[in-house]
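Here's upload.pdb, which has PDB, C-alpha atoms:
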```
ATOM      1  CA  MET A  71      49.308 -18.933 -17.049
ATOM      2  CA  GLY A  72      49.562 -17.671 -13.510
ATOM      3  CA  GLY A  73      51.388 -19.398 -10.685
ATOM      4  CA  CYS A  74      50.365 -22.493  -8.831
ATOM      5  CA  PHE A  75      47.020 -22.474  -7.077
ATOM      6  CA  ARG A  76      48.625 -23.374  -3.808
ATOM      7  CA  CYS A  77      50.871 -20.447  -4.029
ATOM      8  CA  GLN A  78      48.100 -17.924  -4.619
ATOM      9  CA  ARG A  79      47.274 -15.728  -1.490
ATOM     10  CA  LEU A  80      43.669 -15.202  -0.609
ATOM     11  CA  PRO A  81      42.502 -11.619   0.333
ATOM     12  CA  VAL A  82      42.270 -11.063   4.065
ATOM     13  CA  ASN A  83      39.886  -8.497   5.813
ATOM     14  CA  ASN A  84      42.251  -6.898   8.405
ATOM     15  CA  THR A  85      39.618  -4.415   9.752
ATOM     16  CA  GLN A  86      37.202  -6.971  11.135
ATOM     17  CA  PRO A  87      38.953  -7.509  14.498
ATOM     18  CA  LEU A  88      39.241  -3.751  14.968
ATOM     19  CA  GLN A  89      35.545  -3.300  14.343
ATOM     20  CA  LEU A  90      34.704  -6.034  16.793
ATOM     21  CA  GLY A  91      36.996  -4.503  19.431
ATOM     22  CA  ALA A  92      35.564  -1.049  18.964
ATOM     23  CA  GLY A  93      32.039  -2.341  19.265
ATOM     24  CA  PHE A  94      32.875  -4.164  22.461
ATOM     25  CA  ALA A  95      34.527  -1.054  23.890
ATOM     26  CA  ILE A  96      31.526   1.073  23.005
ATOM     27  CA  ALA A  97      29.181  -1.426  24.589
ATOM     28  CA  LEU A  98      31.365  -1.527  27.681
ATOM     29  CA  CYS A  99      31.394   2.280  27.895
ATOM     30  CA  ASN A 100      27.656   2.383  27.457
ATOM     31  CA  LEU A 101      27.289  -0.105  30.241
ATOM     32  CA  ARG A 102      29.592   1.871  32.498
ATOM     33  CA  GLY A 103      27.809   5.130  31.545
ATOM     34  CA  ASP A 104      24.447   3.685  32.505
ATOM     35  CA  ARG A 105      25.782   2.512  35.834
ATOM     36  CA  PHE A 106      27.430   5.895  36.469
ATOM     37  CA  MET A 107      24.198   7.717  35.701
ATOM     38  CA  SER A 108      22.308   5.381  37.994
ATOM     39  CA  VAL A 109      24.735   5.985  40.846
ATOM     40  CA  ALA A 110      24.692   9.749  40.235
ATOM     41  CA  MET A 111      20.878   9.881  40.249
ATOM     42  CA  ALA A 112      20.788   7.844  43.437
ATOM     43  CA  LEU A 113      23.205  10.268  45.080
ATOM     44  CA  VAL A 114      21.167  13.260  43.934
ATOM     45  CA  ILE A 115      17.933  11.749  45.171
ATOM     46  CA  ASN A 116      19.435  10.914  48.565
ATOM     47  CA  VAL A 117      21.548  14.026  49.086
ATOM     48  CA  LEU A 118      19.325  16.727  47.564
ATOM     49  CA  PRO A 119      16.770  16.840  50.432
ATOM     50  CA  PHE A 120      19.596  17.299  52.949
ATOM     51  CA  LEU A 121      21.169  19.993  50.799
ATOM     52  CA  VAL A 122      17.846  21.836  50.482
ATOM     53  CA  ALA A 123      17.235  21.515  54.219
ATOM     54  CA  ALA A 124      20.712  22.877  54.958
ATOM     55  CA  LEU A 125      20.168  25.844  52.650
ATOM     56  CA  LEU A 126      16.794  26.558  54.239
ATOM     57  CA  ALA A 127      18.292  26.354  57.719
ATOM     58  CA  LEU A 128      21.044  28.744  56.655
ATOM     59  CA  ALA A 129      18.480  31.168  55.215
ATOM     60  CA  VAL A 130      16.423  31.043  58.427
ATOM     61  CA  ALA A 131      19.534  31.592  60.555
ATOM     62  CA  LEU A 132      20.605  34.565  58.451
ATOM     63  CA  ARG A 133      17.096  36.013  58.583
ATOM     64  CA  LEU A 134      16.968  35.594  62.370
ATOM     65  CA  GLN A 135      20.381  37.220  62.682
ATOM     66  CA  PHE A 136      19.163  40.165  60.596
ATOM     67  CA  VAL A 137      15.997  40.536  62.692
ATOM     68  CA  ARG A 138      17.937  40.379  65.957
ATOM     69  CA  ARG A 139      20.330  43.043  64.728
ATOM     70  CA  ARG A 140      17.443  45.277  63.659
ATOM     71  CA  GLN A 141      15.705  44.734  66.991
ATOM     72  CA  ALA A 142      18.844  45.711  68.899
ATOM     73  CA  GLU A 143      19.060  48.894  66.829
ATOM     74  CA  GLY A 144      15.372  49.569  67.503
ATOM     75  CA  VAL A 145      15.823  49.258  71.256
ATOM     76  CA  MET A 146      18.700  51.732  71.065
ATOM     77  CA  TRP A 147      16.549  54.196  69.094
ATOM     78  CA  LEU A 148      13.651  53.864  71.550
ATOM     79  CA  GLN A 149      15.961  54.527  74.487
ATOM     80  CA  SER A 150      17.280  57.694  72.833
ATOM     81  CA  MET A 151      13.745  58.884  72.103
ATOM     82  CA  ARG A 152      12.652  58.220  75.672
ATOM     83  CA  VAL A 153      15.262  60.685  76.989
ATOM     84  CA  LEU A 154      14.097  63.335  74.524
ATOM     85  CA  LEU A 155      10.457  62.658  75.358
ATOM     86  CA  GLY A 156      11.083  63.111  79.079
ATOM     87  CA  HIS A 157      12.730  66.482  78.569
ATOM     88  CA  ILE A 158       9.960  67.791  76.301
ATOM     89  CA  GLN A 159       7.415  66.719  78.906
ATOM     90  CA  GLN A 160       9.363  68.663  81.530
ATOM     91  CA  HIS A 161       9.444  71.691  79.254
ATOM     92  CA  ARG A 162       5.649  71.555  78.957
ATOM     93  CA  GLY A 163       5.116  71.484  82.718
ATOM     94  CA  LEU A 164       7.642  74.191  83.526
ATOM     95  CA  SER A 165       6.467  76.547  80.787
ATOM     96  CA  ALA A 166       2.855  76.088  81.951
ATOM     97  CA  GLY A 167       3.817  77.028  85.497
ATOM     98  CA  ILE A 168       5.745  80.088  84.330
ATOM     99  CA  MET A 169       2.914  81.290  82.107
ATOM    100  CA  ALA A 170       0.511  80.876  85.038
ATOM    101  CA  GLY A 171       2.669  83.190  87.144
ATOM    102  CA  GLN A 172       5.441  81.144  88.795
ATOM    103  CA  ARG A 173       8.579  82.871  87.464
ATOM    104  CA  ALA A 174      10.789  80.950  89.898
ATOM    105  CA  LEU A 175      10.648  78.017  87.474
ATOM    106  CA  LEU A 176      12.559  79.917  84.775
ATOM    107  CA  PRO A 177      16.058  78.583  85.667
ATOM    108  CA  GLN A 178      14.799  75.005  85.416
ATOM    109  CA  LEU A 179      13.116  75.761  82.097
ATOM    110  CA  ASP A 180      16.350  77.158  80.636
ATOM    111  CA  GLN A 181      18.213  74.002  81.656
ATOM    112  CA  VAL A 182      15.568  71.711  80.198
ATOM    113  CA  GLN A 183      15.426  73.663  76.942
ATOM    114  CA  GLN A 184      19.173  73.249  76.556
ATOM    115  CA  ALA A 185      18.806  69.540  77.338
ATOM    116  CA  VAL A 186      16.244  69.126  74.549
ATOM    117  CA  SER A 187      18.614  70.795  72.077
ATOM    118  CA  ARG A 188      21.395  68.415  73.142
ATOM    119  CA  ASP A 189      19.046  65.440  72.845
ATOM    120  CA  LEU A 190      18.163  66.368  69.270
ATOM    121  CA  VAL A 191      21.833  66.488  68.314
ATOM    122  CA  GLN A 192      22.607  63.208  70.075
ATOM    123  CA  VAL A 193      19.666  61.389  68.503
ATOM    124  CA  SER A 194      20.660  62.610  65.048
ATOM    125  CA  GLY A 195      24.150  61.259  65.702
ATOM    126  CA  VAL A 196      22.959  57.736  66.515
ATOM    127  CA  GLY A 197      22.533  56.905  62.826
ATOM    128  CA  ARG A 198      22.013  58.474  59.415
ATOM    129  CA  TRP A 199      18.729  56.633  58.910
ATOM    130  CA  ILE A 200      16.753  59.026  61.084
ATOM    131  CA  LYS A 201      17.599  62.135  59.080
ATOM    132  CA  ASP A 202      15.485  60.944  56.137
ATOM    133  CA  GLN A 203      12.383  60.211  58.223
ATOM    134  CA  ALA A 204       9.526  62.672  57.680
ATOM    135  CA  SER A 205       8.189  62.137  61.221
ATOM    136  CA  TRP A 206      11.544  63.023  62.733
ATOM    137  CA  GLN A 207      11.804  66.141  60.600
ATOM    138  CA  ALA A 208       8.318  67.124  61.814
ATOM    139  CA  VAL A 209       9.481  66.740  65.432
ATOM    140  CA  THR A 210      12.572  68.919  64.963
ATOM    141  CA  VAL A 211      10.699  71.628  63.052
ATOM    142  CA  HIS A 212       7.861  71.709  65.605
ATOM    143  CA  TRP A 213      10.292  71.970  68.506
ATOM    144  CA  ALA A 214      12.241  74.799  66.836
ATOM    145  CA  LYS A 215       9.049  76.824  66.486
ATOM    146  CA  LEU A 216       7.757  75.998  69.962
ATOM    147  CA  ALA A 217      10.982  76.660  71.858
ATOM    148  CA  GLY A 218      11.300  80.119  70.387
ATOM    149  CA  ARG A 219       7.797  81.430  70.978
ATOM    150  CA  TYR A 220       6.027  79.350  73.643
ATOM    151  CA  GLY A 221       5.573  82.483  75.771
ATOM    152  CA  SER A 222       3.463  84.187  73.119
ATOM    153  CA  LEU A 223       1.067  81.294  72.532
ATOM    154  CA  GLY A 224      -1.143  81.647  75.568
ATOM    155  CA  LEU A 225      -1.312  79.020  78.307
ATOM    156  CA  LEU A 226      -3.802  76.576  76.795
ATOM    157  CA  ASN A 227      -2.320  76.826  73.305
ATOM    158  CA  ASN A 228       1.137  76.274  74.750
ATOM    159  CA  LEU A 229      -0.062  73.110  76.485
ATOM    160  CA  GLU A 230      -1.781  71.919  73.325
ATOM    161  CA  GLN A 231       1.293  72.512  71.142
ATOM    162  CA  HIS A 232       3.550  70.649  73.564
ATOM    163  CA  THR A 233       1.106  67.752  73.706
ATOM    164  CA  ARG A 234       0.881  67.587  69.921
ATOM    165  CA  LEU A 235       4.662  67.508  69.675
ATOM    166  CA  ILE A 236       4.852  64.729  72.247
ATOM    167  CA  GLN A 237       2.191  62.731  70.398
ATOM    168  CA  THR A 238       4.113  63.148  67.146
ATOM    169  CA  LEU A 239       7.233  61.864  68.861
ATOM    170  CA  MET A 240       5.358  58.875  70.300
ATOM    171  CA  VAL A 241       3.947  58.046  66.854
ATOM    172  CA  PHE A 242       7.488  58.168  65.503
ATOM    173  CA  MET A 243       8.586  55.787  68.250
ATOM    174  CA  ALA A 244       5.827  53.418  67.140
ATOM    175  CA  ASP A 245       7.173  53.686  63.585
ATOM    176  CA  ILE A 246      10.651  52.854  64.864
ATOM    177  CA  ALA A 247       9.274  49.764  66.597
ATOM    178  CA  SER A 248       7.488  48.647  63.431
ATOM    179  CA  LEU A 249      10.556  49.128  61.217
ATOM    180  CA  HIS A 250      12.737  47.240  63.695
ATOM    181  CA  HIS A 251      10.441  44.229  64.342
ATOM    182  CA  LEU A 252       9.461  45.309  67.850
ATOM    183  CA  ASP A 253       5.716  45.745  67.365
ATOM    184  CA  SER A 254       4.352  42.206  67.519
ATOM    185  CA  ARG A 255       1.511  41.637  69.987
ATOM    186  CA  ARG A 256       3.353  38.754  71.586
ATOM    187  CA  LEU A 257       6.422  40.905  72.167
ATOM    188  CA  GLU A 258       4.435  43.836  73.575
ATOM    189  CA  ARG A 259       2.476  41.600  75.929
ATOM    190  CA  ARG A 260       5.762  40.367  77.324
ATOM    191  CA  TYR A 261       7.454  43.770  77.249
ATOM    192  CA  PRO A 262       4.797  46.546  77.503
ATOM    193  CA  TRP A 263       7.070  49.461  76.579
ATOM    194  CA  ARG A 264       4.327  51.309  74.691
ATOM    195  CA  ALA A 265       1.871  51.097  77.597
ATOM    196  CA  CYS A 266       4.545  52.526  79.923
ATOM    197  CA  LEU A 267       5.010  55.515  77.634
ATOM    198  CA  GLU A 268       1.272  56.147  77.406
ATOM    199  CA  LEU A 269       0.928  56.064  81.191
ATOM    200  CA  ALA A 270       3.929  58.373  81.538
ATOM    201  CA  GLU A 271       2.290  60.838  79.163
ATOM    202  CA  LEU A 272      -0.884  60.887  81.266
ATOM    203  CA  VAL A 273       1.197  61.741  84.324
ATOM    204  CA  GLY A 274       3.053  64.338  82.259
ATOM    205  CA  GLN A 275      -0.201  66.027  81.307
ATOM    206  CA  LEU A 276      -1.313  65.935  84.934
ATOM    207  CA  ARG A 277       1.960  67.551  85.958
ATOM    208  CA  ALA A 278       1.535  70.351  83.410
ATOM    209  CA  PHE A 279      -2.067  71.205  84.338
ATOM    210  CA  GLY A 280      -1.371  70.783  88.031
ATOM    211  CA  THR A 281       1.683  73.051  87.953
ATOM    212  CA  ALA A 282      -0.325  75.708  86.125
ATOM    213  CA  LEU A 283      -3.186  75.417  88.618
ATOM    214  CA  ALA A 284      -0.836  75.631  91.604
ATOM    215  CA  ALA A 285       0.979  78.608  90.071
ATOM    216  CA  GLY A 286      -2.231  80.419  89.116
ATOM    217  CA  GLY A 287      -3.536  80.627  92.627
ATOM    218  CA  GLU A 288      -7.093  81.241  93.776
ATOM    219  CA  HIS A 289      -8.110  83.502  90.893
ATOM    220  CA  PHE A 290      -6.541  81.497  88.082
ATOM    221  CA  GLU A 291      -8.674  82.096  84.999
ATOM    222  CA  TYR A 292      -8.185  78.555  83.708
ATOM    223  CA  GLY A 293      -8.872  77.021  87.114
ATOM    224  CA  PRO A 294     -12.168  75.262  86.203
ATOM    225  CA  LYS A 295     -10.684  73.838  82.994
ATOM    226  CA  ALA A 296      -7.557  72.672  84.821
ATOM    227  CA  ARG A 297      -9.504  71.046  87.658
ATOM    228  CA  GLN A 298     -11.774  69.159  85.275
ATOM    229  CA  THR A 299      -8.817  67.896  83.243
ATOM    230  CA  ILE A 300      -6.905  66.884  86.361
ATOM    231  CA  LYS A 301      -9.848  64.854  87.689
ATOM    232  CA  GLN A 302     -10.156  62.987  84.397
ATOM    233  CA  LEU A 303      -6.423  62.331  84.270
ATOM    234  CA  CYS A 304      -6.351  61.019  87.852
ATOM    235  CA  GLY A 305      -9.057  58.486  87.062
ATOM    236  CA  GLN A 306      -7.354  57.296  83.874
ATOM    237  CA  ILE A 307      -3.959  57.069  85.546
ATOM    238  CA  CYS A 308      -5.281  54.845  88.338
ATOM    239  CA  LYS A 309      -7.032  52.608  85.816
ATOM    240  CA  ASP A 310      -4.034  52.171  83.525
ATOM    241  CA  ALA A 311      -1.486  51.812  86.320
ATOM    242  CA  LEU A 312      -3.134  48.609  87.542
ATOM    243  CA  VAL A 313      -2.511  47.041  84.121
ATOM    244  CA  VAL A 314       0.914  48.451  83.323
ATOM    245  CA  LEU A 315       2.912  48.733  86.540
ATOM    246  CA  PRO A 316       4.040  46.175  89.125
ATOM    247  CA  ASP A 317       2.483  46.483  92.570
ATOM    248  CA  THR A 318       5.595  48.088  94.032
ATOM    249  CA  ARG A 319       5.132  51.078  91.694
ATOM    250  CA  VAL A 320       1.334  51.233  91.796
ATOM    251  CA  LYS A 321       1.107  52.095  95.487
ATOM    252  CA  PRO A 322       3.323  55.229  95.360
ATOM    253  CA  LEU A 323       1.466  56.426  92.260
ATOM    254  CA  PHE A 324      -1.906  55.996  93.962
ATOM    255  CA  ALA A 325      -0.596  57.917  96.963
ATOM    256  CA  PHE A 326       0.466  60.723  94.645
ATOM    257  CA  VAL A 327      -2.997  60.833  93.050
ATOM    258  CA  SER A 328      -4.520  61.029  96.520
ATOM    259  CA  ASP A 329      -2.233  63.966  97.346
ATOM    260  CA  VAL A 330      -3.298  65.693  94.138
ATOM    261  CA  GLU A 331      -6.958  65.349  95.038
ATOM    262  CA  SER A 332      -6.474  66.574  98.611
ATOM    263  CA  GLY A 333      -3.752  69.154  98.116
ATOM    264  CA  LEU A 334      -4.514  70.580  94.694
ATOM    265  CA  LEU A 335      -8.201  70.076  93.949
ATOM    266  CA  ALA A 336      -9.371  71.134  97.424
ATOM    267  CA  ALA A 337     -11.197  74.404  97.951
ATOM    268  CA  GLN A 338      -7.991  75.821  99.415
ATOM    269  CA  PRO A 339      -5.001  74.118  97.683
ATOM    270  CA  SER A 340      -1.988  73.466  99.871
ATOM    271  CA  LEU A 341       0.542  72.607  97.181
ATOM    272  CA  GLY A 342       2.744  75.214  95.537
ATOM    273  CA  ALA A 343       3.851  75.022  91.915
ATOM    274  CA  GLU A 344       7.458  74.031  92.580
ATOM    275  CA  ALA A 345       6.521  71.415  95.175
ATOM    276  CA  PHE A 346       3.866  69.909  92.954
ATOM    277  CA  PHE A 347       6.151  69.835  89.913
ATOM    278  CA  ALA A 348       8.785  68.002  91.947
ATOM    279  CA  MET A 349       6.231  65.479  93.284
ATOM    280  CA  ALA A 350       4.839  64.778  89.822
ATOM    281  CA  THR A 351       8.314  64.520  88.318
ATOM    282  CA  LEU A 352       9.240  61.866  90.868
ATOM    283  CA  GLN A 353       6.290  59.710  89.778
ATOM    284  CA  LEU A 354       6.881  60.322  86.092
ATOM    285  CA  GLU A 355      10.538  59.362  86.370
ATOM    286  CA  ALA A 356       9.520  56.178  88.179
ATOM    287  CA  ILE A 357       7.329  55.197  85.231
ATOM    288  CA  LEU A 358      10.075  56.022  82.735
ATOM    289  CA  THR A 359      12.438  53.914  84.843
ATOM    290  CA  GLU A 360       9.960  51.076  84.432
ATOM    291  CA  PHE A 361      10.111  51.715  80.695
ATOM    292  CA  ASP A 362      13.905  51.395  80.885
ATOM    293  CA  ARG A 363      13.544  48.132  82.791
ATOM    294  CA  VAL A 364      11.163  46.763  80.173
ATOM    295  CA  LEU A 365      13.561  47.680  77.365
ATOM    296  CA  ALA A 366      16.454  46.066  79.229
ATOM    297  CA  GLY A 367      14.384  42.913  79.646
ATOM    298  CA  MET A 368      13.545  42.927  75.951
ATOM    299  CA  ARG A 369      17.225  43.256  75.030
ATOM    300  CA  GLN A 370      18.200  40.430  77.392
ATOM    301  CA  GLY A 371      15.429  38.224  76.030
ATOM    302  CA  MET A 372      16.700  38.728  72.492
ATOM    303  CA  LEU A 373      20.202  37.732  73.519
ATOM    304  CA  GLN A 374      18.882  34.558  75.128
ATOM    305  CA  ASP A 375      16.771  33.701  72.077
ATOM    306  CA  ALA A 376      19.770  34.184  69.813
ATOM    307  CA  ALA A 377      22.001  31.931  71.954
ATOM    308  CA  PRO A 378      22.601  28.401  70.558
TER     309      PRO A 378
END
```

How does the structure come out when it is put into structure tokens?
Amino acid sequence: MGGCFRCQRLPVNNTQPLQLGAGFAIALCNLRGDRFMSVAMALVINVLPFLVAALLALAVALRLQFVRRRQAEGVMWLQSMRVLLGHIQQHRGLSAGIMAGQRALLPQLDQVQQAVSRDLVQVSGVGRWIKDQASWQAVTVHWAKLAGRYGSLGLLNNLEQHTRLIQTLMVFMADIASLHHLDSRRLERRYPWRACLELAELVGQLRAFGTALAAGGEHFEYGPKARQTIKQLCGQICKDALVVLPDTRVKPLFAFVSDVESGLLAAQPSLGAEAFFAMATLQLEAILTEFDRVLAGMRQGMLQDAAP
């Protein structure tokens, strides 16, 4: 028989405490995991709106910085184009006077033609962007053809070709403004750069027709056409000047228009071609100076808006 009952050892389950301990640990981890997830969700819910707002504010700031940089570039382009525009307008007036008979204007024309060529090079050097613009290519091609053969076009055709070139350049300037965020109505009401250019072009046309009329003398074959155009331009200039220019610039321009009517449109004109061209140029430069002032104000306003 086996040993004594007292001495027999009963089987013992040694894994039970381990199982109980593991279960407790798992339950504890689950409890801690739930609390961690709760805290994490609370943080996300509370912090996420601020994070989104910060990202949106950063995006807006970067966008504003980009727009301001583009606007500054646009102002620079417009200023370069304004110089070129002024010289082409001079070329129109001088060539009209020469073709009407005033050969004394030839030295000035040669200087202006060289200035236009320099302007084209300088504008092209401002940035590579312009070289790929179809409107700019049209301007350069048109000028190359016009500068080489203006004398063979005939007076009226010469005036028309110059005016078309100037209009193409002004359209390109409008494109520059649009591409560089300078064409909003609010901005143009505050800084009427486009209206200044349009008024300057009216005076430029008046200068060209008036110089031709003064150079042509009493028997100028285009006299009736020139007089009619000059009368229309005088009326439009006076109308637009009241809207565009400050009072300090309106009065001298009105005085100039009065001199045109009395000294150029009279039965016996008293203004010569060179004198008239100089008078008209003085008024045109005053308007372009106003354009410069408007652009400077626009640039300063952008700097103030960008300041913290």

- Message: Can you tell me which residues surround stretch 317-332 of chain A at a distance of at most 12 Å, considering only C-alpha atoms, apart from same-chain residues fewer than 3 positions away, and format the answer as a ChimeraX atom specification?
- Response: /A:266,269-270,272-273,276-277,279-281,283-284,297-298,300-314,335-343,345-360

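Of the residues listed (A:Val364, A:Ala208, A:Ile200, A:Ile158), A:Ile158 shows the shortest atom-to-atom separation from A:Ser187; distances use all atoms listed in the file.
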
- Figure out the distance between atom CA of A:Val182 and atom CA of A:Gln160, please, to one decimal in Å. 7.0 Å

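You will find atom CA of A:Ala282 at 27.3 Å from atom CA of A:Arg264.
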
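Going from atom CA of A:Ala185 to atom CA of A:Gln149 covers 15.5 Å.
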
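For the choices A:Gly367, A:Gly167, A:Gly218, A:Gly195, the atom-to-atom distance to A:Gln183 is smallest for A:Gly218 when using only C-alpha atoms.
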
Given 6 Å on each side, where is the centre and what are the edge lengths in Å to one decimal of the axis-aligned box enclosing the listed atoms of stretch 200-203 of chain A, as AutoDock Vina command-line options?
```
--center_x 15.0 --center_y 60.6 --center_z 58.6 --size_x 17.2 --size_y 15.1 --size_z 16.9
```

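Residues captured in this structure file are Val137, Arg140, Gln141, Glu143, Gly144, Ala244, Asp245, Ile246, Ala247, Pro262, Trp263, Arg264, Val364, Leu365, Gly367 and Met368 of chain A, according to the PyMOL selection byres ((chain A and resi 248-261) around 8).
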
- Which residues come within 8 Å of A:Ser165, counting all atoms listed in the file, excluding same-chain residues fewer than 5 positions away, as a ChimeraX atom specification? /A:179,220-221

- Message: Can you tell me which residues surround A:Ser205 at a distance of at most 8 Å, considering all atoms listed in the file, apart from same-chain residues fewer than 4 positions away, and format the answer as number ranges by chain?
- Response: A: 209, 238-239, 242

Keeping only C-alpha atoms, write those residues as a compact mmCIF listing (two decimals), keeping the file's coordinate frame.
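Result file out-v3.txt:
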```
# COMPACT_ATOMS: atom_id res chain seq x y z
CA VAL A 209 9.48 66.74 65.43
CA THR A 238 4.11 63.15 67.15
CA LEU A 239 7.23 61.86 68.86
CA PHE A 242 7.49 58.17 65.50
```
